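J.: My structure is stored as target-v2.tsv, with TSV, C-alpha atoms.
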chain	number	residue	atom	x	y	z
A	1	MET	CA	-9.93	-5.89	-3.50
A	2	ASP	CA	-6.76	-7.62	-2.39
A	3	ARG	CA	-5.60	-6.31	0.93
A	4	ASN	CA	-2.42	-5.51	2.71
A	5	TYR	CA	-2.00	-6.95	6.18
A	6	HIS	CA	0.28	-5.37	8.73
A	7	VAL	CA	1.84	-7.42	11.50
A	8	PHE	CA	3.06	-5.35	14.43
A	9	SER	CA	3.23	-8.01	17.11
A	10	ASP	CA	6.09	-10.44	17.57
A	11	GLY	CA	5.41	-14.06	16.82
A	12	ARG	CA	5.31	-16.72	14.26
A	13	LEU	CA	3.57	-16.69	10.91
A	14	GLU	CA	2.72	-20.15	9.68
A	15	ARG	CA	0.72	-22.12	7.20
A	16	SER	CA	-2.21	-23.84	8.81
A	17	ASP	CA	-5.40	-25.29	7.34
A	18	ASP	CA	-4.45	-24.00	3.90
A	19	THR	CA	-4.41	-20.46	5.12
A	20	LEU	CA	-2.19	-18.25	7.21
A	21	ARG	CA	-2.00	-18.16	10.97
A	22	LEU	CA	-0.26	-15.79	13.33
A	23	VAL	CA	0.84	-17.24	16.65
A	24	PRO	CA	1.81	-14.37	18.92
A	25	ASP	CA	4.77	-14.74	21.28
A	26	ASP	CA	2.84	-13.43	24.25
A	27	ASP	CA	0.42	-16.39	24.43
A	28	GLY	CA	-2.34	-14.29	22.91
A	29	ASP	CA	-4.97	-15.80	20.65
A	30	LYS	CA	-3.90	-17.39	17.40
A	31	GLN	CA	-5.30	-15.45	14.50
A	32	TYR	CA	-6.24	-16.80	11.13
A	33	ILE	CA	-5.82	-14.58	8.10
A	34	PRO	CA	-7.86	-15.20	4.94
A	35	ILE	CA	-5.19	-15.91	2.35
A	36	GLU	CA	-7.49	-15.57	-0.63
A	37	ASN	CA	-7.80	-11.81	-0.32
A	38	ALA	CA	-4.22	-11.00	0.67
A	39	GLU	CA	-2.00	-8.92	-1.55
A	40	ALA	CA	0.99	-8.47	0.74
A	41	PHE	CA	2.10	-8.70	4.35
A	42	PHE	CA	3.99	-5.86	5.94
A	43	LEU	CA	6.06	-7.19	8.81
A	44	HIS	CA	6.88	-4.54	11.40
A	45	GLY	CA	7.43	-6.84	14.36
A	46	GLN	CA	9.83	-9.73	14.92
A	47	ILE	CA	8.36	-12.61	12.97
A	48	ASP	CA	9.52	-16.18	12.52
A	49	PHE	CA	8.53	-18.18	9.49
A	50	ASN	CA	9.72	-21.24	7.65
A	51	THR	CA	10.15	-22.49	4.10
A	52	ARG	CA	6.76	-24.17	4.11
A	53	LEU	CA	5.17	-20.77	4.53
A	54	MET	CA	7.37	-19.35	1.80
A	55	SER	CA	6.29	-21.85	-0.81
A	56	PHE	CA	2.67	-21.42	0.22
A	57	LEU	CA	2.88	-17.64	-0.22
A	58	ASN	CA	4.68	-18.21	-3.48
A	59	ASP	CA	1.78	-20.32	-4.74
A	60	ARG	CA	-0.71	-17.68	-3.75
A	61	THR	CA	1.46	-14.85	-5.09
A	62	VAL	CA	1.52	-12.99	-1.81
A	63	ALA	CA	4.53	-10.82	-0.97
A	64	LEU	CA	6.21	-10.13	2.35
A	65	HIS	CA	7.62	-6.66	2.91
A	66	VAL	CA	9.97	-6.51	5.86
A	67	PHE	CA	10.57	-3.39	7.93
A	68	GLY	CA	13.59	-3.61	10.13
A	69	TRP	CA	15.35	-1.60	12.73
A	70	GLU	CA	14.15	2.01	12.98
A	71	ASP	CA	11.34	1.39	10.50
A	72	TYR	CA	13.73	1.05	7.60
A	73	TYR	CA	12.43	-0.84	4.64
A	74	ALA	CA	14.60	-3.92	4.92
A	75	GLY	CA	13.49	-5.78	1.81
A	76	SER	CA	10.80	-7.92	0.29
A	77	VAL	CA	10.29	-11.59	-0.20
A	78	MET	CA	8.45	-11.72	-3.46
A	79	PRO	CA	6.68	-14.66	-5.04
A	80	LYS	CA	8.39	-15.99	-8.12
A	81	ARG	CA	7.63	-13.99	-11.19
A	82	GLY	CA	4.31	-14.84	-12.73
A	83	GLN	CA	4.89	-12.34	-15.48
A	84	THR	CA	8.03	-12.61	-17.53
A	85	SER	CA	8.66	-11.01	-20.84
A	86	GLY	CA	12.08	-10.64	-22.31
A	87	LYS	CA	10.70	-8.19	-24.80
A	88	THR	CA	9.58	-5.84	-22.06
A	89	VAL	CA	12.97	-5.89	-20.40
A	90	VAL	CA	14.78	-5.33	-23.69
A	91	ASN	CA	12.57	-2.35	-24.42
A	92	GLN	CA	12.99	-1.07	-20.91
A	93	VAL	CA	16.76	-1.11	-21.25
A	94	ARG	CA	16.64	0.43	-24.71
A	95	ALA	CA	14.59	3.32	-23.40
A	96	TYR	CA	17.17	3.80	-20.67
A	97	GLU	CA	20.09	3.69	-23.08
A	98	ASP	CA	18.48	6.12	-25.51
A	99	SER	CA	19.18	9.37	-23.71
A	100	GLN	CA	16.42	11.25	-25.48
A	101	HIS	CA	13.87	8.62	-24.55
A	102	ARG	CA	15.11	8.45	-20.99
A	103	ARG	CA	14.85	12.21	-20.57
A	104	GLN	CA	11.36	12.16	-21.94
A	105	LEU	CA	10.28	9.60	-19.33
A	106	ALA	CA	12.16	11.32	-16.52
A	107	ALA	CA	10.57	14.65	-17.45
A	108	ALA	CA	7.11	13.06	-17.38
A	109	ILE	CA	7.76	11.70	-13.89
A	110	VAL	CA	9.04	15.04	-12.56
A	111	LYS	CA	6.06	16.80	-14.09
A	112	GLY	CA	3.63	14.39	-12.45
A	113	SER	CA	5.39	14.60	-9.13
A	114	ILE	CA	5.29	18.41	-9.09
A	115	HIS	CA	1.67	18.43	-10.20
A	116	ASN	CA	0.69	16.16	-7.34
A	117	MET	CA	2.60	18.25	-4.81
A	118	ARG	CA	0.87	21.32	-6.16
A	119	THR	CA	-2.61	19.79	-5.77
A	120	ASN	CA	-1.93	19.27	-2.07
A	121	VAL	CA	-0.78	22.84	-1.61
A	122	VAL	CA	-3.74	24.21	-3.56
A	123	TYR	CA	-6.11	22.17	-1.40
A	124	TYR	CA	-4.73	23.67	1.81
A	125	ASN	CA	-4.41	27.11	0.27
A	126	GLY	CA	-8.16	27.18	0.09
A	127	ARG	CA	-8.34	26.35	3.79
A	128	ASP	CA	-7.18	29.55	5.50
A	129	HIS	CA	-3.53	29.05	4.74
A	130	ASP	CA	-1.66	31.50	2.61
A	131	LEU	CA	0.42	29.32	0.35
A	132	ASP	CA	0.45	31.43	-2.80
A	133	SER	CA	4.22	31.77	-2.79
A	134	VAL	CA	4.69	28.00	-2.61
A	135	ILE	CA	2.29	27.52	-5.49
A	136	GLU	CA	4.22	30.07	-7.52
A	137	ASP	CA	7.49	28.29	-6.79
A	138	LEU	CA	5.99	24.94	-7.79
A	139	GLU	CA	4.61	26.41	-10.98
A	140	ALA	CA	7.96	27.97	-11.79
A	141	ALA	CA	9.63	24.60	-11.26
A	142	ALA	CA	7.03	22.84	-13.41
A	143	ALA	CA	7.59	25.37	-16.19
A	144	ARG	CA	11.29	24.57	-16.26
A	145	VAL	CA	10.71	20.86	-16.84
A	146	ASP	CA	11.70	20.04	-20.36
A	147	GLU	CA	12.49	16.87	-22.20
A	148	SER	CA	15.73	18.31	-23.51
A	149	LEU	CA	17.28	18.78	-20.07
A	150	PRO	CA	19.86	16.35	-18.74
A	151	ILE	CA	18.72	14.00	-15.98
A	152	ASP	CA	20.62	15.66	-13.16
A	153	GLU	CA	18.99	18.98	-13.99
A	154	LEU	CA	15.59	17.32	-13.93
A	155	MET	CA	16.50	15.88	-10.54
A	156	GLY	CA	17.54	19.37	-9.50
A	157	ILE	CA	14.17	20.81	-10.52
A	158	GLU	CA	12.40	18.14	-8.53
A	159	ALA	CA	14.57	18.89	-5.51
A	160	THR	CA	13.79	22.62	-5.76
A	161	ALA	CA	10.10	21.83	-6.00
A	162	LYS	CA	10.30	19.48	-3.01
A	163	LYS	CA	12.01	22.17	-1.00
A	164	ALA	CA	9.26	24.68	-1.74
A	165	TYR	CA	6.66	22.04	-1.07
A	166	TYR	CA	8.11	21.14	2.33
A	167	ARG	CA	8.01	24.84	3.22
A	168	SER	CA	4.23	24.61	3.02
A	169	PHE	CA	4.21	21.88	5.69
A	170	ASN	CA	5.05	24.45	8.36
A	171	GLN	CA	1.87	26.35	7.63
A	172	ILE	CA	-0.37	23.35	7.16
A	173	LEU	CA	0.77	21.62	10.34
A	174	PRO	CA	0.55	22.82	13.96
A	175	SER	CA	3.60	24.37	15.60
A	176	GLU	CA	4.72	21.18	17.40
A	177	PHE	CA	5.27	19.60	14.03
A	178	GLN	CA	7.58	22.00	12.27
A	179	LEU	CA	9.70	20.80	9.42
A	180	THR	CA	12.84	22.84	9.57
A	181	GLN	CA	14.72	20.49	7.35
A	182	ARG	CA	14.04	17.20	5.66
A	183	GLU	CA	16.41	14.65	7.16
A	184	TYR	CA	16.56	10.92	7.40
A	185	ASN	CA	18.89	8.07	8.33
A	186	PRO	CA	17.66	8.36	11.04
A	187	PRO	CA	14.92	11.01	11.11
A	188	PRO	CA	15.72	13.48	13.91
A	189	ASN	CA	12.19	14.59	14.80
A	190	GLU	CA	8.53	13.68	14.62
A	191	ILE	CA	7.67	15.20	11.29
A	192	ASN	CA	10.68	13.74	9.50
A	193	SER	CA	9.94	10.31	10.85
A	194	LEU	CA	6.32	10.53	9.68
A	195	ILE	CA	7.44	11.48	6.18
A	196	SER	CA	9.98	8.66	6.12
A	197	PHE	CA	7.55	6.04	7.35
A	198	GLY	CA	4.87	7.09	4.86
A	199	ASN	CA	7.33	7.13	1.99
A	200	SER	CA	8.54	3.63	2.81
A	201	LEU	CA	4.96	2.34	2.68
A	202	VAL	CA	4.40	3.99	-0.70
A	203	TYR	CA	7.68	2.52	-1.93
A	204	ALA	CA	6.78	-1.02	-0.82
A	205	ASN	CA	3.37	-0.76	-2.46
A	206	CYS	CA	5.00	0.33	-5.70
A	207	VAL	CA	7.32	-2.68	-5.49
A	208	SER	CA	4.22	-4.89	-5.37
A	209	ALA	CA	2.64	-3.01	-8.27
A	210	ILE	CA	5.70	-3.33	-10.50
A	211	ARG	CA	6.00	-6.99	-9.64
A	212	ALA	CA	2.55	-7.56	-11.08
A	213	THR	CA	3.92	-6.60	-14.49
A	214	ALA	CA	6.87	-7.94	-16.43
A	215	LEU	CA	8.85	-4.73	-15.84
A	216	ASP	CA	12.25	-5.06	-14.28
A	217	PRO	CA	12.15	-3.06	-11.04
A	218	THR	CA	15.85	-2.19	-11.18
A	219	ILE	CA	15.80	-0.30	-14.47
A	220	SER	CA	14.62	3.23	-13.89
A	221	TYR	CA	14.60	6.55	-15.68
A	222	LEU	CA	14.60	9.49	-13.31
A	223	HIS	CA	16.61	7.84	-10.58
A	224	GLU	CA	19.86	6.23	-11.59
A	225	PRO	CA	19.49	2.44	-11.63
A	226	GLY	CA	21.26	1.66	-8.38
A	227	GLU	CA	22.70	-1.39	-6.85
A	228	ARG	CA	20.66	-3.32	-4.33
A	229	ARG	CA	17.45	-1.36	-4.65
A	230	TYR	CA	14.43	-1.18	-6.84
A	231	SER	CA	14.98	2.19	-8.43
A	232	LEU	CA	11.97	1.95	-10.76
A	233	SER	CA	9.91	1.82	-7.60
A	234	LEU	CA	11.52	5.09	-6.51
A	235	ASP	CA	10.48	6.66	-9.82
A	236	ILE	CA	6.88	5.59	-9.47
A	237	ALA	CA	6.71	6.25	-5.73
A	238	ASP	CA	7.62	9.90	-6.37
A	239	LEU	CA	4.31	10.33	-8.15
A	240	PHE	CA	2.29	8.84	-5.33
A	241	LYS	CA	3.98	10.17	-2.21
A	242	PRO	CA	2.05	13.47	-2.17
A	243	VAL	CA	-1.26	11.78	-2.91
A	244	LEU	CA	-0.91	8.99	-0.36
A	245	ALA	CA	1.71	9.55	2.32
A	246	ASP	CA	1.52	13.33	2.71
A	247	ARG	CA	-2.26	13.54	2.73
A	248	VAL	CA	-2.44	10.89	5.44
A	249	LEU	CA	0.17	12.77	7.42
A	250	PHE	CA	-1.64	16.11	7.22
A	251	ARG	CA	-4.93	14.57	8.19
A	252	LEU	CA	-3.62	12.61	11.17
A	253	VAL	CA	-1.58	15.45	12.60
A	254	ASN	CA	-4.18	18.14	12.07
A	255	ARG	CA	-6.87	16.05	13.65
A	256	ASN	CA	-4.63	15.26	16.60
A	257	GLN	CA	-4.83	11.58	15.87
A	258	ILE	CA	-1.06	11.51	16.07
A	259	SER	CA	0.64	13.41	18.84
A	260	GLU	CA	4.04	13.54	20.46
A	261	SER	CA	3.18	10.53	22.60
A	262	ASP	CA	3.19	8.36	19.47
A	263	PHE	CA	6.95	8.71	19.11
A	264	GLU	CA	10.02	7.34	20.77
A	265	THR	CA	12.89	9.73	20.93
A	266	GLU	CA	16.39	8.51	21.34
A	267	LEU	CA	19.70	10.21	20.92
A	268	GLY	CA	19.63	11.71	17.43
A	269	SER	CA	16.59	9.85	16.26
A	270	CYS	CA	12.85	10.02	16.61
A	271	LEU	CA	10.62	7.21	15.45
A	272	LEU	CA	7.01	6.20	15.61
A	273	ASN	CA	6.25	3.75	18.38
A	274	GLU	CA	3.94	0.81	17.90
A	275	ALA	CA	0.75	2.74	18.63
A	276	GLY	CA	1.82	5.49	16.25
A	277	ARG	CA	2.70	3.11	13.47
A	278	LYS	CA	-0.64	1.39	13.89
A	279	THR	CA	-2.56	4.63	13.65
A	280	TYR	CA	-0.60	5.69	10.61
A	281	THR	CA	-0.85	2.42	8.69
A	282	LYS	CA	-4.54	2.18	9.43
A	283	ALA	CA	-5.18	5.59	7.89
A	284	PHE	CA	-2.83	4.71	5.06
A	285	GLU	CA	-4.70	1.50	4.23
A	286	GLU	CA	-8.00	3.36	4.28
A	287	MET	CA	-6.49	5.76	1.81
A	288	LEU	CA	-5.39	2.92	-0.48
A	289	GLU	CA	-8.94	1.59	-0.50
A	290	ARG	CA	-10.52	4.86	-1.51
A	291	THR	CA	-11.77	4.87	-5.04
A	292	VAL	CA	-12.06	7.46	-7.78
A	293	GLU	CA	-13.86	7.42	-11.07
A	294	HIS	CA	-11.28	6.73	-13.76
A	295	PRO	CA	-11.69	8.97	-16.81
A	296	THR	CA	-10.83	6.42	-19.48
A	297	LEU	CA	-11.53	3.07	-17.84
A	298	ASN	CA	-15.12	4.14	-17.07
A	299	ARG	CA	-15.14	2.54	-13.68
A	300	LYS	CA	-14.04	3.22	-10.16
A	301	VAL	CA	-10.51	2.29	-9.23
A	302	SER	CA	-8.84	2.25	-5.83
A	303	TYR	CA	-5.82	4.40	-5.05
A	304	GLN	CA	-3.88	1.20	-4.66
A	305	TYR	CA	-4.84	0.11	-8.16
A	306	LEU	CA	-3.63	3.43	-9.55
A	307	MET	CA	-0.07	2.32	-8.80
A	308	ARG	CA	-0.67	-0.87	-10.73
A	309	LEU	CA	-2.12	1.13	-13.62
A	310	GLU	CA	0.97	3.31	-13.64
A	311	ALA	CA	3.15	0.23	-14.12
A	312	TYR	CA	0.85	-1.05	-16.87
A	313	LYS	CA	0.96	2.32	-18.60
A	314	LEU	CA	4.72	2.41	-18.55
A	315	LYS	CA	4.93	-1.10	-19.90
A	316	LYS	CA	2.48	-0.32	-22.66
A	317	HIS	CA	4.43	2.76	-23.58
A	318	LEU	CA	7.65	0.77	-23.82
A	319	LEU	CA	6.12	-1.99	-25.89
A	320	THR	CA	3.81	-0.12	-28.21
A	321	GLY	CA	5.14	3.41	-28.14
A	322	GLU	CA	1.80	4.78	-26.93
A	323	ALA	CA	2.50	8.14	-25.28
A	324	TYR	CA	3.28	7.96	-21.57
A	325	ASP	CA	1.53	10.55	-19.44
A	326	SER	CA	2.51	10.21	-15.83
A	327	PHE	CA	-0.09	9.94	-13.10
A	328	GLN	CA	-1.43	13.36	-12.24
A	329	ARG	CA	-4.20	13.67	-9.72
A	330	TRP	CA	-7.29	14.63	-11.72
A	331	TRP	CA	-9.88	14.92	-8.98
B	1	MET	CA	-19.34	-7.45	-1.29
B	2	TYR	CA	-19.94	-8.44	2.29
B	3	VAL	CA	-21.13	-11.91	3.22
B	4	VAL	CA	-22.14	-13.82	6.32
B	5	MET	CA	-21.81	-17.58	6.15
B	6	VAL	CA	-23.37	-20.00	8.61
B	7	TYR	CA	-23.16	-23.76	8.45
B	8	ASP	CA	-24.47	-26.84	10.13
B	9	LEU	CA	-22.54	-30.05	9.58
B	10	GLU	CA	-22.26	-33.35	11.41
B	11	ALA	CA	-20.42	-32.70	14.66
B	12	ASP	CA	-17.11	-34.29	13.63
B	13	ARG	CA	-17.11	-32.62	10.22
B	14	THR	CA	-17.60	-28.97	11.20
B	15	GLN	CA	-13.86	-28.36	11.00
B	16	LYS	CA	-13.98	-29.01	7.28
B	17	ALA	CA	-16.30	-26.11	6.63
B	18	LEU	CA	-14.34	-23.88	8.97
B	19	LYS	CA	-11.15	-24.74	7.17
B	20	ILE	CA	-12.58	-23.68	3.82
B	21	GLY	CA	-14.27	-20.57	5.18
B	22	ARG	CA	-11.17	-19.30	6.96
B	23	ARG	CA	-9.33	-18.91	3.70
B	24	TYR	CA	-11.82	-16.28	2.58
B	25	LEU	CA	-13.55	-14.88	5.65
B	26	THR	CA	-13.11	-14.14	9.32
B	27	HIS	CA	-14.30	-16.70	11.82
B	28	VAL	CA	-16.54	-14.83	14.24
B	29	GLN	CA	-18.35	-17.52	16.21
B	30	ASN	CA	-18.92	-21.25	16.15
B	31	SER	CA	-20.20	-22.04	12.65
B	32	VAL	CA	-20.30	-18.36	11.63
B	33	LEU	CA	-17.93	-16.49	9.38
B	34	GLU	CA	-18.19	-13.09	7.78
B	35	GLY	CA	-16.20	-10.59	5.78
B	36	GLU	CA	-15.54	-8.67	2.62
B	37	ILE	CA	-15.10	-10.89	-0.43
B	38	SER	CA	-14.80	-10.43	-4.18
B	39	GLU	CA	-17.35	-11.94	-6.53
B	40	GLY	CA	-14.79	-14.34	-7.95
B	41	ASP	CA	-13.74	-15.57	-4.53
B	42	LEU	CA	-17.36	-15.88	-3.49
B	43	SER	CA	-18.18	-18.24	-6.31
B	44	LYS	CA	-15.09	-20.30	-5.48
B	45	LEU	CA	-16.21	-20.46	-1.87
B	46	LYS	CA	-19.73	-21.48	-2.87
B	47	ASN	CA	-18.42	-24.30	-5.03
B	48	GLU	CA	-16.08	-25.60	-2.36
B	49	ILE	CA	-18.80	-25.59	0.28
B	50	ASP	CA	-21.32	-27.18	-2.04
B	51	ASP	CA	-18.90	-30.01	-2.83
B	52	LEU	CA	-18.27	-30.61	0.85
B	53	LEU	CA	-21.83	-31.05	2.07
B	54	LYS	CA	-23.37	-34.47	2.67
B	55	PRO	CA	-27.12	-35.11	2.76
B	56	GLY	CA	-28.64	-33.58	5.87
B	57	GLU	CA	-25.99	-30.87	6.16
B	58	SER	CA	-26.40	-27.27	5.14
B	59	ALA	CA	-24.61	-23.96	4.75
B	60	ILE	CA	-26.20	-20.57	4.19
B	61	ILE	CA	-24.48	-17.54	2.72
B	62	TYR	CA	-26.07	-14.12	3.12
B	63	GLU	CA	-24.81	-11.58	0.61
B	64	LEU	CA	-24.82	-7.81	0.89
B	65	SER	CA	-23.55	-5.45	-1.74
B	66	SER	CA	-21.54	-3.67	0.97
B	67	ASP	CA	-21.06	-3.75	4.71
B	68	THR	CA	-22.63	-0.29	5.04
B	69	LEU	CA	-26.02	-1.80	4.25
B	70	LEU	CA	-25.76	-4.13	7.19
B	71	ASN	CA	-26.91	-3.03	10.62
B	72	ARG	CA	-24.45	-4.89	12.70
B	73	THR	CA	-24.37	-4.58	16.47
B	74	VAL	CA	-21.77	-6.44	18.45
B	75	TYR	CA	-21.99	-6.94	22.19
B	76	GLY	CA	-18.74	-7.81	23.84
B	77	ASP	CA	-15.55	-8.17	21.80
B	78	ASP	CA	-15.79	-7.80	18.05
B	79	PRO	CA	-13.77	-10.58	16.40
B	80	THR	CA	-13.59	-8.75	13.07
B	81	GLU	CA	-12.06	-5.62	14.52
B	82	ASP	CA	-8.67	-4.63	13.14
B	83	GLN	CA	-8.31	-7.79	11.17
B	84	ARG	CA	-5.62	-6.30	9.01
B	85	PHE	CA	-3.46	-5.00	11.81
B	86	LEU	CA	-2.17	-7.95	13.72
Taking this structure as input, can you express it in the form of structure tokens?
T.:
Amino acid sequence: MDRNYHVFSDGRLERSDDTLRLVPDDDGDKQYIPIENAEAFFLHGQIDFNTRLMSFLNDRTVALHVFGWEDYYAGSVMPKRGQTSGKTVVNQVRAYEDSQHRRQLAAAIVKGSIHNMRTNVVYYNGRDHDLDSVIEDLEAAAARVDESLPIDELMGIEATAKKAYYRSFNQILPSEFQLTQREYNPPPNEINSLISFGNSLVYANCVSAIRATALDPTISYLHEPGERRYSLSLDIADLFKPVLADRVLFRLVNRNQISESDFETELGSCLLNEAGRKTYTKAFEEMLERTVEHPTLNRKVSYQYLMRLEAYKLKKHLLTGEAYDSFQRWW
Amino acid sequence: MYVVMVYDLEADRTQKALKIGRRYLTHVQNSVLEGEISEGDLSKLKNEIDDLLKPGESAIIYELSSDTLLNRTVYGDDPTEDQRFL
């Protein structure tokens, strides 16, 4: 039920009347935002705020995710940890150190990621596109996944699968949006910038989801725990990118809701402009709010909550040894 | 669920109800707020409003299980539009 809010305009975000208020720079109307149902704020514009706001958000456990120059995820201001558990962290590190255990988790993530890519391709295969060869490649990659393989080989399998998967984009999408090569930093054309933007939203949402548990976001299994980034979020985001970001992308482009006029092209880079980002995030948020019947919880859960569940599942696995099956789209 | 809240307080006290309501809902017109709310938040809101009221004042909350059940027609600008994209 808790929502993400996206701020695209420039202005000042402040605490007022025990809730949040946005005062736009351009003398527009002040807007009040109901704090009680906020999960996180995604700041895409230039926003000022002060320490009073920070402690208020901290109290209400609301996060700020900041997107900087060229849509890059610049970082998050997270509320102080509500959940802490030394035991969880110890177990998390142990699982990382134990190479057999780490491979097992990494293999589960790669398997889930390939499965979710495959579901997308299968969906479009049934819609007048001939994607049999991509499906075969994905299945071949999935068959190679094994818990005994070293991590870099597992990464390699995922990369091969991704490559095959991206090949299907060219058939699913119209000719103006051809993906010749996946590139970023900065993305050189429309399709790459859409993929990058979507992925960064998935990543930020996973950061929020992990934060809700006592897991340490820097200790990961498939990706190498890196400096200065939340690599566990990269692990979990891999599972959700096809389900969230790519589906939104296909839908928007194929329905002409996003066109070339939604981008700004500069030398060597192509990025969504404000209108484009708005369209995309709107569709993305609608996606997060969709619900599916959960097979074991016996209730409906939102796509957003699935990320939270994934973090819970991982934590439970680490603490109790209950088998970890990665998220695989079941509907 | 989706709720509409209207209130009628002494003239110099209306701000108090607005202040509480704004934390949960969107202010759409003088003394009227509406929006999606969870059951837990709704009961918090009800308690806070109930505590606030003095004799002679009132607040009414209309509840709907979802906004799709509500026939809502807006003439002019819709204040609830795009609330999450600022």
J.: Could you please select, counting all atoms listed in the file, the residues of chain B within 8 Å of chain A and state them as a list in words?
T.: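 Close enough to count are Lys19, Arg22, Arg23, Tyr24, Leu25, Thr26, Ile37, Ser38, Asp41, Gln83, Arg84, Phe85 and Leu86 of chain B.
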J.: Choose the residue, out of A:Ser208, A:Asn125, A:Ser302, A:Asn199, that has the smallest atom-to-atom separation from Ser168 in chain A; count all atoms listed in the file.
T.: A:Asn125
J.: Between B:Asn30, B:Asn47, B:Thr68, B:Ser58, which has the minimum distance to Leu9 in chain B (counting only C-alpha atoms)?
T.: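 Of B:Asn30, B:Asn47, B:Thr68, B:Ser58, the one nearest Leu9 in chain B, counting only C-alpha atoms, is B:Ser58.
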J.: Give me the residues near Glu176 in chain A as a CSV table (one decimal) with C-alpha atoms, keeping the file's coordinate frame, where near means some atom within 10 Å (using all atoms listed in the file) and where sequence neighbours in that chain fewer than 2 positions away do not count.
T.:
chain,number,residue,atom,x,y,z
A,170,ASN,CA,5.0,24.4,8.4
A,173,LEU,CA,0.8,21.6,10.3
A,174,PRO,CA,0.6,22.8,14.0
A,178,GLN,CA,7.6,22.0,12.3
A,179,LEU,CA,9.7,20.8,9.4
A,190,GLU,CA,8.5,13.7,14.6
A,191,ILE,CA,7.7,15.2,11.3
A,253,VAL,CA,-1.6,15.4,12.6
A,259,SER,CA,0.6,13.4,18.8
A,260,GLU,CA,4.0,13.5,20.5
J.: Name the residues in contact with range 68-81 of chain A at a cut-off of 9 Å, using all atoms listed in the file, excluding same-chain residues fewer than 2 positions from it; report them as a ChimeraX atom specification.
T.: /A:43-46,54-55,57-66,83-84,185-186,196-197,200-201,203-204,207-208,211-214,229,269-272
J.: State, in Å with one decimal place, the distance from CA of Thr80 in chain B to CA of Val4 in chain B.
T.: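 Computing it gives 12.0 Å between the two atoms.
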J.: At what distance in Å, to one decimal, does CA of Val145 in chain A lie from CA of Pro217 in chain A?
T.: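 Atom-to-atom, CA of Pro217 in chain A to CA of Val145 in chain A, that is 24.7 Å.
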J.: Would you be able to write out as a list in words which residues have an atom within 6 Å of (1.8, 5.3, -17.2) in the file's coordinates, counting only C-alpha atoms?
T.: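 Neighbouring residues, ordered by chain and number, come to Glu310, Lys313, Leu314, Tyr324, Asp325 and Ser326 of chain A.
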J.: Record the distance separating CA of Leu194 in chain A and CA of Tyr280 in chain A, expressed in Å with one decimal.
T.: 8.5 Å
J.: For Pro79 in chain B, which residue out of A:Trp331, A:Glu289, A:Gln304, A:Asp29 is the nearest one, using all atoms listed in the file?
T.: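 With all atoms listed in the file as the atom set, the closest residue is A:Asp29.
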J.: Could you pull the residues within 7 Å of Arg308 in chain A, counting only C-alpha atoms, minus those fewer than 4 positions along the same chain, as a PyMOL selection string?
T.: chain A and resi 209-210+312
J.: Listed atoms of range 7-25 of chain B, axis-aligned box, 3 Å per side: centre and edge lengths to one decimal in Å, as JSON?
T.:
{"center_x": -16.9, "center_y": -24.6, "center_z": 8.6, "size_x": 21.1, "size_y": 25.4, "size_z": 18.1}
J.: Can you pull out every residue within 9 Å of His223 in chain A, counting all atoms listed in the file, but drop anything in the same chain fewer than 6 positions away, and send it as a ChimeraX atom specification?
T.: /A:106,151,155,231-232,234-235
J.: So, with all atoms listed in the file as the atoms that count, which of B:Ala11, B:Leu42, B:Leu18, B:His27 lies closest to Leu64 in chain B?
T.: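 For Leu64 in chain B, the nearest of the candidates is B:Leu42.
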J.: Out of A:Ala140, A:Met117, A:Ala323, A:Leu306, which residue has the shortest atom-to-atom distance to Glu293 in chain A when counting all atoms listed in the file?
T.: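 Answer, going by the shortest atom-to-atom distance: A:Leu306.
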